[in-house]
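Source file coords23.pdb; content: PDB, C-alpha atoms, pLDDT in the B column.
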```pdb
ATOM      1  CA  MET A   1     122.117 113.921 125.052  1.00 92.00           C
ATOM      2  CA  LYS A   2     121.267 110.563 123.476  1.00 94.00           C
ATOM      3  CA  VAL A   3     117.628 109.503 123.629  1.00 95.00           C
ATOM      4  CA  ILE A   4     115.536 106.620 122.310  1.00 94.00           C
ATOM      5  CA  LEU A   5     112.302 107.768 120.702  1.00 95.00           C
ATOM      6  CA  LYS A   6     109.119 106.090 121.956  1.00 94.00           C
ATOM      7  CA  ALA A   7     106.995 107.671 119.202  1.00 94.00           C
ATOM      8  CA  ASP A   8     107.499 109.396 115.858  1.00 95.00           C
ATOM      9  CA  VAL A   9     108.663 112.993 116.346  1.00 93.00           C
ATOM     10  CA  LYS A  10     108.385 115.222 113.309  1.00 93.00           C
ATOM     11  CA  GLY A  11     111.776 116.580 112.340  1.00 91.00           C
ATOM     12  CA  SER A  12     113.661 114.330 114.752  1.00 92.00           C
ATOM     13  CA  GLY A  13     113.025 110.683 113.907  1.00 93.00           C
ATOM     14  CA  LYS A  14     110.793 107.661 114.055  1.00 93.00           C
ATOM     15  CA  LYS A  15     109.859 105.355 116.910  1.00 92.00           C
ATOM     16  CA  GLY A  16     112.833 103.262 118.009  1.00 90.00           C
ATOM     17  CA  ASP A  17     115.493 105.614 116.616  1.00 91.00           C
ATOM     18  CA  ILE A  18     118.450 106.534 118.786  1.00 92.00           C
ATOM     19  CA  ILE A  19     119.158 110.238 118.264  1.00 94.00           C
ATOM     20  CA  GLU A  20     121.431 112.905 119.669  1.00 95.00           C
ATOM     21  CA  VAL A  21     119.557 116.056 120.745  1.00 95.00           C
ATOM     22  CA  SER A  22     120.316 119.071 122.901  1.00 95.00           C
ATOM     23  CA  ASP A  23     119.790 118.722 126.628  1.00 95.00           C
ATOM     24  CA  GLY A  24     117.070 121.387 126.708  1.00 95.00           C
ATOM     25  CA  PHE A  25     115.035 119.798 123.901  1.00 94.00           C
ATOM     26  CA  ALA A  26     115.329 116.402 125.543  1.00 94.00           C
ATOM     27  CA  GLN A  27     114.442 117.557 129.079  1.00 94.00           C
ATOM     28  CA  ASN A  28     111.767 120.145 128.267  1.00 95.00           C
ATOM     29  CA  PHE A  29     110.002 118.457 125.382  1.00 94.00           C
ATOM     30  CA  LEU A  30     110.830 114.825 124.611  1.00 94.00           C
ATOM     31  CA  LEU A  31     111.129 113.431 128.122  1.00 94.00           C
ATOM     32  CA  LYS A  32     108.437 115.673 129.619  1.00 94.00           C
ATOM     33  CA  LYS A  33     105.832 114.580 127.036  1.00 94.00           C
ATOM     34  CA  GLY A  34     106.886 110.926 127.167  1.00 94.00           C
ATOM     35  CA  LEU A  35     108.067 110.876 123.566  1.00 94.00           C
ATOM     36  CA  ALA A  36     111.536 109.563 124.449  1.00 95.00           C
ATOM     37  CA  GLU A  37     113.623 107.967 127.153  1.00 94.00           C
ATOM     38  CA  ILE A  38     117.272 108.462 128.009  1.00 94.00           C
ATOM     39  CA  ALA A  39     119.459 106.073 126.029  1.00 94.00           C
ATOM     40  CA  THR A  40     121.069 103.606 128.404  1.00 94.00           C
ATOM     41  CA  ALA A  41     123.301 100.700 127.402  1.00 94.00           C
ATOM     42  CA  SER A  42     120.523  98.187 128.030  1.00 94.00           C
ATOM     43  CA  GLY A  43     117.994 100.290 126.093  1.00 91.00           C
ATOM     44  CA  ILE A  44     120.315 100.623 123.103  1.00 92.00           C
ATOM     45  CA  ASN A  45     121.001  96.880 123.189  1.00 95.00           C
ATOM     46  CA  GLU A  46     117.276  96.115 123.296  1.00 92.00           C
ATOM     47  CA  ILE A  47     116.598  98.400 120.307  1.00 92.00           C
ATOM     48  CA  THR A  48     119.368  96.821 118.220  1.00 92.00           C
ATOM     49  CA  GLN A  49     118.125  93.310 119.056  1.00 95.00           C
ATOM     50  CA  ARG A  50     114.551  94.271 118.166  1.00 92.00           C
ATOM     51  CA  LYS A  51     115.679  95.746 114.824  1.00 92.00           C
ATOM     52  CA  ALA A  52     117.695  92.600 114.039  1.00 95.00           C
ATOM     53  CA  ALA A  53     114.679  90.424 114.879  1.00 96.00           C
ATOM     54  CA  ASP A  54     112.428  92.570 112.669  1.00 94.00           C
ATOM     55  CA  GLN A  55     114.858  92.265 109.759  1.00 95.00           C
ATOM     56  CA  PHE A  56     114.977  88.493 110.230  1.00 97.00           C
ATOM     57  CA  HIS A  57     111.169  88.213 110.256  1.00 97.00           C
ATOM     58  CA  LYS A  58     110.868  90.396 107.144  1.00 94.00           C
ATOM     59  CA  ALA A  59     113.431  88.227 105.350  1.00 94.00           C
ATOM     60  CA  GLU A  60     111.542  85.066 106.335  1.00 96.00           C
ATOM     61  CA  GLU A  61     108.237  86.556 105.148  1.00 94.00           C
ATOM     62  CA  LEU A  62     109.825  87.614 101.847  1.00 94.00           C
ATOM     63  CA  LYS A  63     111.211  84.104 101.369  1.00 95.00           C
ATOM     64  CA  ALA A  64     107.789  82.539 102.048  1.00 93.00           C
ATOM     65  CA  MET A  65     106.054  84.947  99.660  1.00 93.00           C
ATOM     66  CA  LYS A  66     108.587  84.207  96.903  1.00 94.00           C
ATOM     67  CA  GLU A  67     107.939  80.475  97.341  1.00 93.00           C
ATOM     68  CA  LEU A  68     104.191  81.071  97.154  1.00 92.00           C
ATOM     69  CA  ALA A  69     104.640  83.215  94.032  1.00 92.00           C
ATOM     70  CA  ALA A  70     106.698  80.453  92.408  1.00 93.00           C
ATOM     71  CA  ALA A  71     103.951  77.941  93.184  1.00 92.00           C
ATOM     72  CA  LEU A  72     101.243  80.254  91.805  1.00 91.00           C
ATOM     73  CA  ASN A  73     103.065  81.513  88.708  1.00 92.00           C
ATOM     74  CA  GLY A  74     101.498  80.158  85.507  1.00 89.00           C
ATOM     75  CA  LYS A  75      98.707  78.341  87.365  1.00 92.00           C
ATOM     76  CA  THR A  76      95.258  78.192  85.779  1.00 93.00           C
ATOM     77  CA  VAL A  77      92.127  78.357  87.939  1.00 93.00           C
ATOM     78  CA  GLU A  78      88.618  77.726  86.746  1.00 93.00           C
ATOM     79  CA  VAL A  79      85.722  79.934  87.739  1.00 91.00           C
ATOM     80  CA  GLY A  80      82.121  79.217  86.826  1.00 89.00           C
ATOM     81  CA  ILE A  81      79.590  81.886  85.907  1.00 88.00           C
ATOM     82  CA  LYS A  82      75.881  81.700  85.145  1.00 88.00           C
ATOM     83  CA  THR A  83      74.923  82.179  81.529  1.00 86.00           C
ATOM     84  CA  GLY A  84      71.630  82.377  79.712  1.00 82.00           C
ATOM     85  CA  GLU A  85      70.389  80.281  76.806  1.00 80.00           C
ATOM     86  CA  ASN A  86      72.060  82.445  74.165  1.00 78.00           C
ATOM     87  CA  GLY A  87      75.415  82.640  76.011  1.00 73.00           C
ATOM     88  CA  LYS A  88      74.714  85.938  77.751  1.00 81.00           C
ATOM     89  CA  VAL A  89      76.579  86.197  81.057  1.00 83.00           C
ATOM     90  CA  PHE A  90      74.794  87.158  84.277  1.00 85.00           C
ATOM     91  CA  GLY A  91      77.082  89.203  86.513  1.00 84.00           C
ATOM     92  CA  SER A  92      80.863  89.185  86.305  1.00 87.00           C
ATOM     93  CA  VAL A  93      83.897  87.357  87.617  1.00 88.00           C
ATOM     94  CA  THR A  94      85.643  89.415  90.288  1.00 89.00           C
ATOM     95  CA  SER A  95      88.754  89.005  92.367  1.00 91.00           C
ATOM     96  CA  ALA A  96      86.617  87.517  95.167  1.00 92.00           C
ATOM     97  CA  SER A  97      85.508  84.625  92.972  1.00 91.00           C
ATOM     98  CA  VAL A  98      89.109  84.049  91.843  1.00 92.00           C
ATOM     99  CA  ALA A  99      90.226  84.034  95.500  1.00 93.00           C
ATOM    100  CA  ALA A 100      87.537  81.435  96.269  1.00 93.00           C
ATOM    101  CA  ALA A 101      88.738  79.274  93.348  1.00 93.00           C
ATOM    102  CA  LEU A 102      92.332  79.548  94.586  1.00 93.00           C
ATOM    103  CA  GLU A 103      91.205  78.590  98.095  1.00 93.00           C
ATOM    104  CA  LYS A 104      89.702  75.357  96.710  1.00 93.00           C
ATOM    105  CA  GLU A 105      93.158  74.536  95.357  1.00 90.00           C
ATOM    106  CA  GLY A 106      94.780  75.190  98.737  1.00 90.00           C
ATOM    107  CA  PHE A 107      96.033  78.774  98.389  1.00 90.00           C
ATOM    108  CA  GLN A 108      94.928  81.382 100.937  1.00 91.00           C
ATOM    109  CA  ILE A 109      95.027  84.628  98.930  1.00 92.00           C
ATOM    110  CA  ASP A 110      93.274  87.838  99.971  1.00 93.00           C
ATOM    111  CA  LYS A 111      90.967  89.165  97.253  1.00 92.00           C
ATOM    112  CA  LYS A 112      92.534  92.626  97.597  1.00 94.00           C
ATOM    113  CA  LYS A 113      95.852  91.236  96.333  1.00 94.00           C
ATOM    114  CA  ILE A 114      94.340  89.986  93.069  1.00 93.00           C
ATOM    115  CA  GLN A 115      94.518  92.553  90.263  1.00 93.00           C
ATOM    116  CA  MET A 116      92.230  91.961  87.302  1.00 90.00           C
ATOM    117  CA  ALA A 117      89.540  93.696  85.328  1.00 86.00           C
ATOM    118  CA  ALA A 118      85.943  92.611  85.868  1.00 81.00           C
ATOM    119  CA  VAL A 119      85.310  89.786  83.385  1.00 84.00           C
ATOM    120  CA  LYS A 120      81.909  89.660  81.733  1.00 84.00           C
ATOM    121  CA  THR A 121      82.485  86.955  79.116  1.00 85.00           C
ATOM    122  CA  THR A 122      83.657  83.350  79.067  1.00 86.00           C
ATOM    123  CA  GLY A 123      87.229  82.530  78.074  1.00 89.00           C
ATOM    124  CA  ILE A 124      90.750  82.680  79.492  1.00 92.00           C
ATOM    125  CA  PHE A 125      91.989  85.878  81.134  1.00 93.00           C
ATOM    126  CA  ASP A 126      95.167  87.034  82.884  1.00 93.00           C
ATOM    127  CA  ALA A 127      95.294  88.081  86.532  1.00 93.00           C
ATOM    128  CA  GLU A 128      98.129  89.313  88.708  1.00 94.00           C
ATOM    129  CA  ILE A 129      98.513  88.497  92.376  1.00 94.00           C
ATOM    130  CA  ARG A 130     100.584  91.068  94.265  1.00 94.00           C
ATOM    131  CA  LEU A 131     101.716  89.285  97.395  1.00 91.00           C
ATOM    132  CA  MET A 132     104.161  91.963  98.578  1.00 90.00           C
ATOM    133  CA  GLU A 133     105.629  95.179  97.252  1.00 88.00           C
ATOM    134  CA  SER A 134     108.226  93.411  95.104  1.00 88.00           C
ATOM    135  CA  VAL A 135     106.692  89.917  94.820  1.00 91.00           C
ATOM    136  CA  SER A 136     103.912  89.090  92.372  1.00 92.00           C
ATOM    137  CA  ALA A 137     102.643  86.125  90.386  1.00 93.00           C
ATOM    138  CA  LYS A 138     100.693  85.885  87.141  1.00 94.00           C
ATOM    139  CA  ILE A 139      97.884  83.353  86.779  1.00 94.00           C
ATOM    140  CA  LYS A 140      95.300  82.478  84.163  1.00 94.00           C
ATOM    141  CA  VAL A 141      91.609  82.515  84.957  1.00 93.00           C
ATOM    142  CA  ARG A 142      89.410  80.228  82.858  1.00 93.00           C
ATOM    143  CA  VAL A 143      85.825  81.438  82.944  1.00 90.00           C
ATOM    144  CA  ALA A 144      83.332  78.728  82.034  1.00 89.00           C
ATOM    145  CA  ALA A 145      79.541  78.629  81.880  1.00 86.00           C
ATOM    146  CA  ILE A 146      77.735  76.711  84.608  1.00 81.00           C
TER     147      ILE A 146
END
```

Could you render the structure as structure tokens?
Amino acid sequence: MKVILKADVKGSGKKGDIIEVSDGFAQNFLLKKGLAEIATASGINEITQRKAADQFHKAEELKAMKELAAALNGKTVEVGIKTGENGKVFGSVTSASVAAALEKEGFQIDKKKIQMAAVKTTGIFDAEIRLMESVSAKIKVRVAAI
């Protein structure tokens, strides 16, 4: 019997999969607990259309992230930090302050996507922005005294 899974079923498949199972397993377990529905022509068509739409949206998102990475790659942002009279730095520059500096330049980047060590001196440092699993950009962070 062909069924469409409504939820992930360990050992059988993930939500949205169309699988072939025995009649007893389908009737006594999957259908009874609401984990699946009988695969009809309209249901199969709906699943294939939904999967095609998901692939299209993922491709569009990947394209947009690659464009953003190209715009960010090699960019230098300036972040100010308080320093004392003798050049001693108070605090550190974190990914949140880099995200705020990028936002001033028109880029909406989540601070969790910025990978860099905590900077406790002035100078120029490297940072990596991981936009997606396979898309990243490298930027320079110029830390200056305020």

### Given all atoms listed in the file as the counted atoms, nearest of A:Lys88, A:His57, A:Lys63, A:Lys82 to Leu131 of chain A
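Checking each of A:Lys88, A:His57, A:Lys63, A:Lys82 against Leu131 of chain A, counting all atoms listed in the file, the winner is A:Lys63.
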
#### Entry: Straight-line distance linking atom CA of Ala145 of chain A with atom CA of Thr122 of chain A, stated in Å to one decimal
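Value for the atom CA of Ala145 of chain A-atom CA of Thr122 of chain A distance: 6.9 Å.
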
### Task
Can you work out the spacing between atom CA of Thr76 of chain A and atom CA of Phe90 of chain A in Å, to one decimal?
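If I compute the distance from atom CA of Thr76 of chain A to atom CA of Phe90 of chain A, I get 22.4 Å.
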
Could you work out an axis-aligned box for segment 92-99 of chain A, taking every atom the file lists and adding 6 Å on each side, and report centre and edge lengths in Å to one decimal, as lines of an AutoDock Vina configuration file?
```
center_x = 85.5
center_y = 86.7
center_z = 90.9
size_x = 21.4
size_y = 17.4
size_z = 21.2
```

### Query
Evaluating the PyMOL selection byres ((chain A and resi 43-56) around 12) on the displayed file yields which residues, as a ChimeraX atom specification?
/A:2-6,15-19,36-42,57-63

### Message
Counting only C-alpha atoms, find residues at most 10 Å from (90.8, 82.5, 92.0) (file frame) and give them as a list of chain:residue names.
### Response
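Every polymer residue passing the test: A:Thr76, A:Val77, A:Glu78, A:Val79, A:Val93, A:Thr94, A:Ser95, A:Ala96, A:Ser97, A:Val98, A:Ala99, A:Ala100, A:Ala101, A:Leu102, A:Glu103, A:Lys104, A:Glu105, A:Phe107, A:Gln108, A:Ile109, A:Asp110, A:Lys111, A:Ile114, A:Ala127, A:Ile129, A:Ile139, A:Lys140, A:Val141, A:Arg142.
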
#### Entry: Selection result of the PyMOL selection byres ((chain A and resi 68-71) around 9) on this file, as a PyMOL selection string
chain A and resi 63-67+72-75+107+129-131+135-138

### Spatial sel., origin (75.5, 77.9, 73.4), limit 12 Å, only C-alpha atoms, listed as a PyMOL selection string
chain A and resi 83-89+122+144-146

### Task
Choose the residue, out of A:Glu128, A:Val143, A:Asp8, A:Leu30, that has the smallest atom-to-atom separation from Ile81 of chain A; count all atoms listed in the file.
A:Val143

### Query
In Å, with one decimal, what is the gap from atom CA of Met1 of chain A to atom CA of Asn28 of chain A?
12.5 Å
